[in-house]
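Participant: You'll find start09.cif just under this line, and it carries mmCIF, C-alpha atoms.
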data_input
loop_
_atom_site.label_atom_id
_atom_site.label_comp_id
_atom_site.auth_asym_id
_atom_site.auth_seq_id
_atom_site.Cartn_x
_atom_site.Cartn_y
_atom_site.Cartn_z
CA MET A 152 69.37 140.18 110.14
CA ASN A 153 67.70 137.06 111.51
CA THR A 154 64.26 138.40 112.40
CA SER A 155 63.03 135.00 113.62
CA GLU A 156 64.94 135.61 116.89
CA LEU A 157 63.14 138.92 117.51
CA THR A 158 59.57 139.81 118.34
CA CYS A 159 57.57 141.80 115.83
CA GLY A 160 57.63 144.83 118.13
CA GLN A 161 61.43 144.66 118.30
CA ILE A 162 61.71 144.43 114.51
CA GLU A 163 59.35 147.39 114.08
CA GLN A 164 61.41 149.41 116.57
CA ILE A 165 64.70 148.57 114.83
CA LEU A 166 63.24 149.57 111.49
CA SER A 167 61.76 152.81 112.87
CA ASP A 168 65.16 153.74 114.34
CA ARG A 169 66.98 152.93 111.09
CA ILE A 170 64.55 154.95 108.97
CA GLU A 171 64.79 157.87 111.39
CA GLU A 172 68.60 157.72 111.22
CA CYS A 173 68.55 157.58 107.42
CA TYR A 174 66.14 160.53 107.28
CA ARG A 175 68.25 162.66 109.62
CA GLN A 176 71.46 161.87 107.73
CA THR A 177 69.87 162.76 104.40
CA PHE A 178 67.61 165.68 105.25
CA GLY A 179 68.89 166.96 108.61
CA ASP A 180 67.10 167.30 111.94
CA GLY A 181 63.45 168.15 112.31
CA LEU A 182 61.75 164.78 112.06
CA LYS A 183 59.62 164.17 115.17
CA SER A 184 59.01 160.43 115.04
CA VAL A 185 58.80 157.32 112.89
CA SER A 186 56.45 154.44 113.58
CA CYS A 187 56.32 151.11 111.76
CA HIS A 188 53.57 148.49 111.83
CA LEU A 189 53.76 145.13 110.16
CA PHE A 190 50.68 143.16 109.03
CA LYS A 191 51.67 139.90 107.46
CA ALA A 192 53.51 141.03 104.29
CA THR A 193 52.47 144.70 104.49
CA LEU A 194 54.45 147.31 106.35
CA ALA A 195 52.97 150.72 107.21
CA ILE A 196 55.33 153.56 108.08
CA ALA A 197 54.27 156.96 109.45
CA LEU A 198 56.66 159.90 109.80
CA GLU A 199 55.62 162.87 111.90
CA ARG A 200 56.90 166.38 111.13
CA SER A 201 58.70 165.22 108.02
CA MET A 202 58.81 168.52 106.13
CA THR A 203 62.24 170.02 105.60
CA PRO A 204 62.82 173.73 106.43
CA ALA A 205 63.25 174.47 102.70
CA GLU A 206 59.82 173.03 101.90
CA GLU A 207 58.22 174.91 104.77
CA LEU A 208 59.78 178.14 103.51
CA LEU A 209 58.50 177.49 99.97
CA ALA A 210 55.01 176.67 101.25
CA ALA A 211 54.96 179.70 103.57
CA SER A 212 55.94 181.89 100.60
CA GLY A 213 52.95 180.63 98.64
CA LYS A 214 55.14 178.63 96.25
CA ASP A 215 53.06 175.49 96.61
CA TYR A 216 53.95 174.09 93.20
CA SER A 217 57.68 174.43 93.86
CA ALA A 218 57.20 172.85 97.30
CA GLU A 219 55.34 169.97 95.66
CA LEU A 220 58.10 169.39 93.09
CA PHE A 221 60.69 169.58 95.84
CA ARG A 222 58.79 166.97 97.85
CA GLU A 223 58.55 164.67 94.82
CA THR A 224 62.34 164.82 94.56
CA LEU A 225 62.71 164.06 98.27
CA HIS A 226 60.41 161.05 97.84
CA LYS A 227 62.65 159.80 95.02
CA ILE A 228 65.61 160.00 97.43
CA LEU A 229 63.71 158.53 100.37
CA GLN A 230 62.11 155.59 98.55
CA PRO A 231 65.34 153.65 97.79
CA CYS A 232 66.57 154.38 101.31
CA ILE A 233 63.41 152.88 102.86
CA GLN A 234 63.45 149.98 100.41
CA GLU A 235 67.06 149.13 101.20
CA LEU A 236 66.49 149.25 104.97
CA VAL A 237 63.30 147.19 104.80
CA GLU A 238 64.93 144.54 102.61
CA GLU A 239 67.99 144.43 104.86
CA VAL A 240 65.97 144.09 108.07
CA PHE A 241 63.38 141.63 106.76
CA GLN A 242 65.64 139.76 104.32
CA THR A 243 62.93 139.80 101.70
CA THR A 244 62.20 141.84 98.58
CA ALA A 245 59.96 144.90 98.69
CA ILE A 246 57.72 144.46 95.64
CA ASP A 247 55.90 147.78 95.98
CA LEU A 248 56.50 151.01 97.86
CA LEU A 249 53.87 153.73 98.13
CA ILE A 250 54.70 157.08 99.68
CA ALA A 251 52.80 160.34 100.24
CA THR A 252 53.23 163.53 102.25
CA ASN A 253 50.62 166.04 103.33
CA PRO A 254 52.38 169.43 103.22
CA LYS A 255 49.69 170.95 105.44
CA THR A 256 50.34 168.57 108.34
CA GLY A 257 53.94 167.57 107.59
CA ARG A 258 53.05 163.87 107.84
CA THR A 259 54.51 161.27 105.50
CA GLY A 260 53.01 157.82 105.12
CA SER A 261 54.51 154.87 103.32
CA ILE A 262 53.20 151.38 102.64
CA VAL A 263 55.66 148.67 101.67
CA ILE A 264 54.50 145.36 100.20
CA LEU A 265 56.91 142.54 100.92
CA GLU A 266 57.37 139.48 98.75
CA LYS A 267 56.74 137.25 101.78
CA ALA A 268 55.67 137.77 105.37
CA PRO A 269 58.71 137.92 107.68
CA LYS A 270 59.13 135.37 110.44
CA PHE A 271 59.43 136.61 114.00
CA GLN A 272 59.26 135.32 117.54
CA VAL A 273 55.72 135.14 118.83
CA ARG A 274 55.15 136.65 122.28
CA SER A 275 52.17 138.16 124.04
CA SER A 276 52.50 141.41 122.10
CA ASN A 277 53.01 140.20 118.60
CA CYS A 278 52.14 141.61 115.23
CA MET A 279 48.62 141.69 113.92
CA GLU A 280 47.88 139.09 111.36
CA ALA A 281 45.85 139.88 108.29
CA THR A 282 42.80 137.69 108.22
CA ASP A 283 40.21 137.03 105.57
CA ASN A 284 37.41 138.73 107.45
CA LYS A 285 38.84 142.19 106.81
CA THR A 286 39.97 141.65 103.27
CA LEU A 287 37.33 142.07 100.64
CA SER A 288 37.94 140.68 97.23
CA MET B 244 27.88 153.22 114.16
CA THR B 245 28.81 151.94 117.65
CA THR B 246 32.14 150.25 117.08
CA LEU B 247 32.17 148.98 120.68
CA GLN B 248 29.68 146.28 119.68
CA LEU B 249 31.94 145.01 116.90
CA THR B 250 35.30 143.28 116.83
CA ARG B 251 38.17 144.92 115.05
CA GLY B 252 37.92 142.42 112.22
CA GLN B 253 34.24 143.29 111.74
CA ILE B 254 34.98 147.02 111.67
CA GLU B 255 37.80 146.50 109.18
CA ARG B 256 35.54 144.38 106.99
CA THR B 257 32.77 147.00 107.09
CA LEU B 258 35.30 149.66 106.08
CA SER B 259 36.59 147.48 103.22
CA GLN B 260 33.03 146.91 101.96
CA ARG B 261 32.13 150.59 102.16
CA ILE B 262 35.30 151.71 100.36
CA GLN B 263 34.90 149.11 97.64
CA ALA B 264 31.28 150.25 97.15
CA LEU B 265 32.41 153.88 97.07
CA TYR B 266 34.83 153.20 94.21
CA ARG B 267 32.17 151.25 92.33
CA GLU B 268 29.58 154.02 92.73
CA ARG B 269 31.80 157.04 92.15
CA LEU B 270 34.36 155.77 89.65
CA GLY B 271 32.46 152.89 88.06
CA HIS B 272 35.38 150.65 88.87
CA GLN B 273 35.65 148.14 91.66
CA PRO B 274 39.14 147.36 93.00
CA SER B 275 39.69 143.59 93.03
CA LYS B 276 40.64 143.61 96.71
CA VAL B 277 40.38 146.11 99.57
CA THR B 278 42.18 145.48 102.85
CA CYS B 279 41.80 147.63 105.95
CA GLU B 280 44.00 147.37 109.02
CA LEU B 281 43.53 149.39 112.19
CA PHE B 282 46.46 149.96 114.52
CA ASP B 283 46.47 152.46 117.36
CA GLU B 284 45.07 155.71 115.93
CA LYS B 285 45.97 154.79 112.36
CA LEU B 286 44.25 152.95 109.56
CA THR B 287 45.93 151.42 106.54
CA ILE B 288 43.88 150.80 103.41
CA LEU B 289 45.23 148.80 100.51
CA LEU B 290 43.42 148.60 97.16
CA GLU B 291 44.47 146.09 94.54
CA ASN B 292 43.66 146.72 90.87
CA SER B 293 42.74 150.34 91.58
CA ILE B 294 43.44 151.64 88.07
CA THR B 295 40.24 152.59 86.24
CA PRO B 296 39.61 151.38 82.65
CA ALA B 297 40.13 154.97 81.36
CA GLU B 298 43.52 155.17 83.06
CA GLN B 299 44.39 151.70 81.78
CA LEU B 300 43.57 152.78 78.23
CA LEU B 301 45.77 155.86 78.54
CA LEU B 302 48.60 153.71 79.93
CA GLU B 303 48.31 151.33 76.99
CA GLU B 304 48.64 154.34 74.66
CA GLY B 305 51.82 155.39 76.47
CA LYS B 306 50.25 158.47 78.03
CA GLU B 307 51.73 157.93 81.47
CA GLU B 308 51.96 161.61 82.29
CA SER B 309 48.25 162.10 81.55
CA VAL B 310 47.45 159.16 83.82
CA GLU B 311 49.51 160.66 86.62
CA HIS B 312 47.57 163.93 86.35
CA LEU B 313 44.26 162.09 86.13
CA ARG B 314 45.16 159.92 89.13
CA SER B 315 46.13 162.98 91.13
CA ASP B 316 42.80 164.67 90.32
CA LEU B 317 40.82 161.51 91.07
CA ASP B 318 42.57 161.17 94.43
CA GLU B 319 41.74 164.75 95.26
CA VAL B 320 38.06 164.21 94.39
CA ILE B 321 37.63 160.82 96.09
CA GLN B 322 39.51 161.61 99.31
CA PRO B 323 36.69 163.62 100.97
CA TYR B 324 34.31 160.68 100.30
CA ILE B 325 36.79 158.22 101.84
CA LYS B 326 37.22 160.54 104.81
CA THR B 327 33.44 160.77 105.34
CA THR B 328 33.07 156.98 105.03
CA ILE B 329 35.75 156.34 107.66
CA GLU B 330 34.30 158.93 110.02
CA GLU B 331 30.81 157.41 109.60
CA VAL B 332 32.00 153.87 110.30
CA LEU B 333 34.38 154.67 113.16
CA GLY B 334 32.66 157.72 114.62
CA ILE B 335 36.08 159.36 114.90
CA SER B 336 37.46 162.39 113.03
CA VAL B 337 40.12 161.88 110.38
CA LEU B 338 43.09 164.18 110.93
CA ASP B 339 45.11 163.21 107.91
CA LEU B 340 44.80 161.05 104.82
CA LEU B 341 47.89 160.13 102.83
CA SER B 342 47.50 158.25 99.57
CA ASP B 343 49.70 157.02 96.76
CA ALA B 344 49.37 154.58 93.87
CA THR B 345 51.76 152.64 91.66
CA LEU B 346 50.62 152.59 88.06
CA GLU B 347 52.75 149.54 87.20
CA THR B 348 51.15 147.34 89.87
CA GLY B 349 47.75 149.07 90.06
CA ARG B 350 48.10 149.11 93.81
CA MET B 351 46.88 152.04 95.87
CA GLY B 352 47.60 152.58 99.54
CA LEU B 353 46.30 155.01 102.13
CA ILE B 354 47.46 155.76 105.63
CA VAL B 355 44.77 157.49 107.65
CA ILE B 356 45.53 159.30 110.90
CA LEU B 357 42.57 159.32 113.29
CA GLU B 358 41.89 161.72 116.12
CA SER B 359 41.88 158.80 118.57
CA ALA B 360 42.20 155.03 118.55
CA PRO B 361 38.82 153.33 117.97
CA SER B 362 37.32 151.12 120.64
CA PHE B 363 36.08 147.69 119.69
CA ARG B 364 34.89 144.47 121.24
CA THR B 365 37.71 142.08 122.02
CA SER B 366 37.40 138.92 120.03
CA PRO B 367 37.91 135.82 122.25
CA GLY B 368 40.93 133.72 121.47
CA ARG B 369 42.62 136.43 119.45
CA ASN B 370 45.99 137.66 120.64
CA ARG B 371 46.22 141.00 118.93
CA ARG B 372 47.71 144.30 119.87
CA GLN B 373 45.34 147.22 120.26
#
Just give me the structure as structure tokens.
Facilitator:
Amino acid sequence: MNTSELTCGQIEQILSDRIEECYRQTFGDGLKSVSCHLFKATLAIALERSMTPAEELLAASGKDYSAELFRETLHKILQPCIQELVEEVFQTTAIDLLIATNPKTGRTGSIVILEKAPKFQVRSSNCMEATDNKTLS
Amino acid sequence: MTTLQLTRGQIERTLSQRIQALYRERLGHQPSKVTCELFDEKLTILLENSITPAEQLLLEEGKEESVEHLRSDLDEVIQPYIKTTIEEVLGISVLDLLSDATLETGRMGLIVILESAPSFRTSPGRNRRQ
């Protein structure tokens, strides 16, 4: 995909839709929403209501450890799916992918570090750029 | 803190400083870089070189499983401090805090869900989405 012809908001929307589709195909319905935000070479993804019915049943039955192991397995399935979609959409390598779920709220968050910042069309509502004044090193 | 008097960049920098100081004080280890990004009612925090010397030593000895347990416990202990720091700086409640780390890269990332989007002073000449 040539992202330089799209605005950042459009790219984020495409990616959100693709991740949502992948999630539904793999784990079934139930996911409420997916939002993506790109900052330079960092992509933040938030999934609302991402718990599967099986996990909810395990958690409700007090089998927290089993629910946790189950979620770890789901992350192992989800990670390559997200990585593939991100690399396909941005045409760049994902060098790191962090993912976590809070079973109490059903939210999943993922941060993807890209090898290089994608190019996109700049319009009035473009992506936020990472600047030095908020990075502390 | 009244975030309305500050630009988003200033708030993000304050958060980065406070989180870096928190790691130094509580874990005796300072991540080499801390980046905070606010968007809507979410905050992304990225810590580079977040692995403590003790974890590093265990990794060098091939005790990856021990490090994973240690990391999980450390996350559990440090998260309430991070939550308090964010709430102090932004004056907004934290609804959710999701964190993960990659041992191979030493990178740690957090996505924080806030009760509402923070208000801040608009920086002139900056074209950035709120």
Participant: Out of B:Ile356, B:Ile254, B:Arg350, B:Ala344, which residue has the shortest atom-to-atom distance to Ile250 (chain A) when counting all atoms listed in the file?
Facilitator: B:Ala344
Participant: Which polymer residues have any atom within 9 Å of an atom of Phe271 (chain A), counting only C-alpha atoms, with same-chain residues fewer than 3 positions away left out, as a ChimeraX atom specification?
Facilitator: /A:153-159,162,277-278
Participant: Would you write out those residues with C-alpha atoms, as a compact mmCIF listing (two decimals), in the coordinates of the input?
Facilitator:
# COMPACT_ATOMS: atom_id res chain seq x y z
CA ASN A 153 67.70 137.06 111.51
CA THR A 154 64.26 138.40 112.40
CA SER A 155 63.03 135.00 113.62
CA GLU A 156 64.94 135.61 116.89
CA LEU A 157 63.14 138.92 117.51
CA THR A 158 59.57 139.81 118.34
CA CYS A 159 57.57 141.80 115.83
CA ILE A 162 61.71 144.43 114.51
CA ASN A 277 53.01 140.20 118.60
CA CYS A 278 52.14 141.61 115.23
Participant: Kindly extract all protein, DNA and RNA residues lying within 12 Å of the coordinates (59.2, 148.1, 114.3) given in the file, considering all atoms listed in the file, and supply them as a ChimeraX atom specification.
Facilitator: /A:154,157-171,185-190,194-197,236-237,240-241,271,277-278
Participant: When the PyMOL selection byres ((chain A and resi 202-216) around 10) is applied to the file above, which residues end up in the set, as a ChimeraX atom specification?
Facilitator: /A:178-182,198-201,217-222,225,252-259
Participant: Please find the residues of chain B near chain A - the criterion being any atom within 10 Å, counting all atoms listed in the file - and write them as a ChimeraX atom specification.
Facilitator: /B:251-260,262-263,273-283,285-291,338-345,347-348,350-356,369-373
Participant: What does the structure give for the distance between CA of Thr327 (chain B) and CA of Ser293 (chain B), in Å to one decimal?
Facilitator: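 These atoms are spaced 19.6 Å apart.
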Participant: Find the distance between CA of Arg269 (chain B) and CA of Ile321 (chain B) and write it in Å to one decimal.
Facilitator: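 A separation of 8.0 Å between them.
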Participant: Please enclose the listed atoms of region 249-254 of chain B in an axis-aligned box, pad each side by 5 Å, and write out the centre and the three edge lengths in Å, rounded to one decimal, as JSON.
Facilitator:
{"center_x": 35.1, "center_y": 144.7, "center_z": 114.3, "size_x": 16.2, "size_y": 14.6, "size_z": 15.2}
Participant: What is the CA of Leu357 (chain B)-CA of His272 (chain B) distance in Å, reported with one decimal?
Facilitator: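 A separation of 26.9 Å between them.
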Participant: Nearest to Val320 (chain B) among B:Gln248, B:Leu333, B:Tyr266, B:Glu307, with distances taken over only C-alpha atoms: which residue is it?
Facilitator: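 Nearest candidate to Val320 (chain B) out of B:Gln248, B:Leu333, B:Tyr266, B:Glu307: B:Tyr266.
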Participant: Please provide as a PyMOL selection string all residues within 12 Å of Glu303 (chain B), with the sequence filter that same-chain residues fewer than 6 positions apart are discarded (counting all atoms listed in the file).
Facilitator: chain B and resi 296-297+309-310+346-347
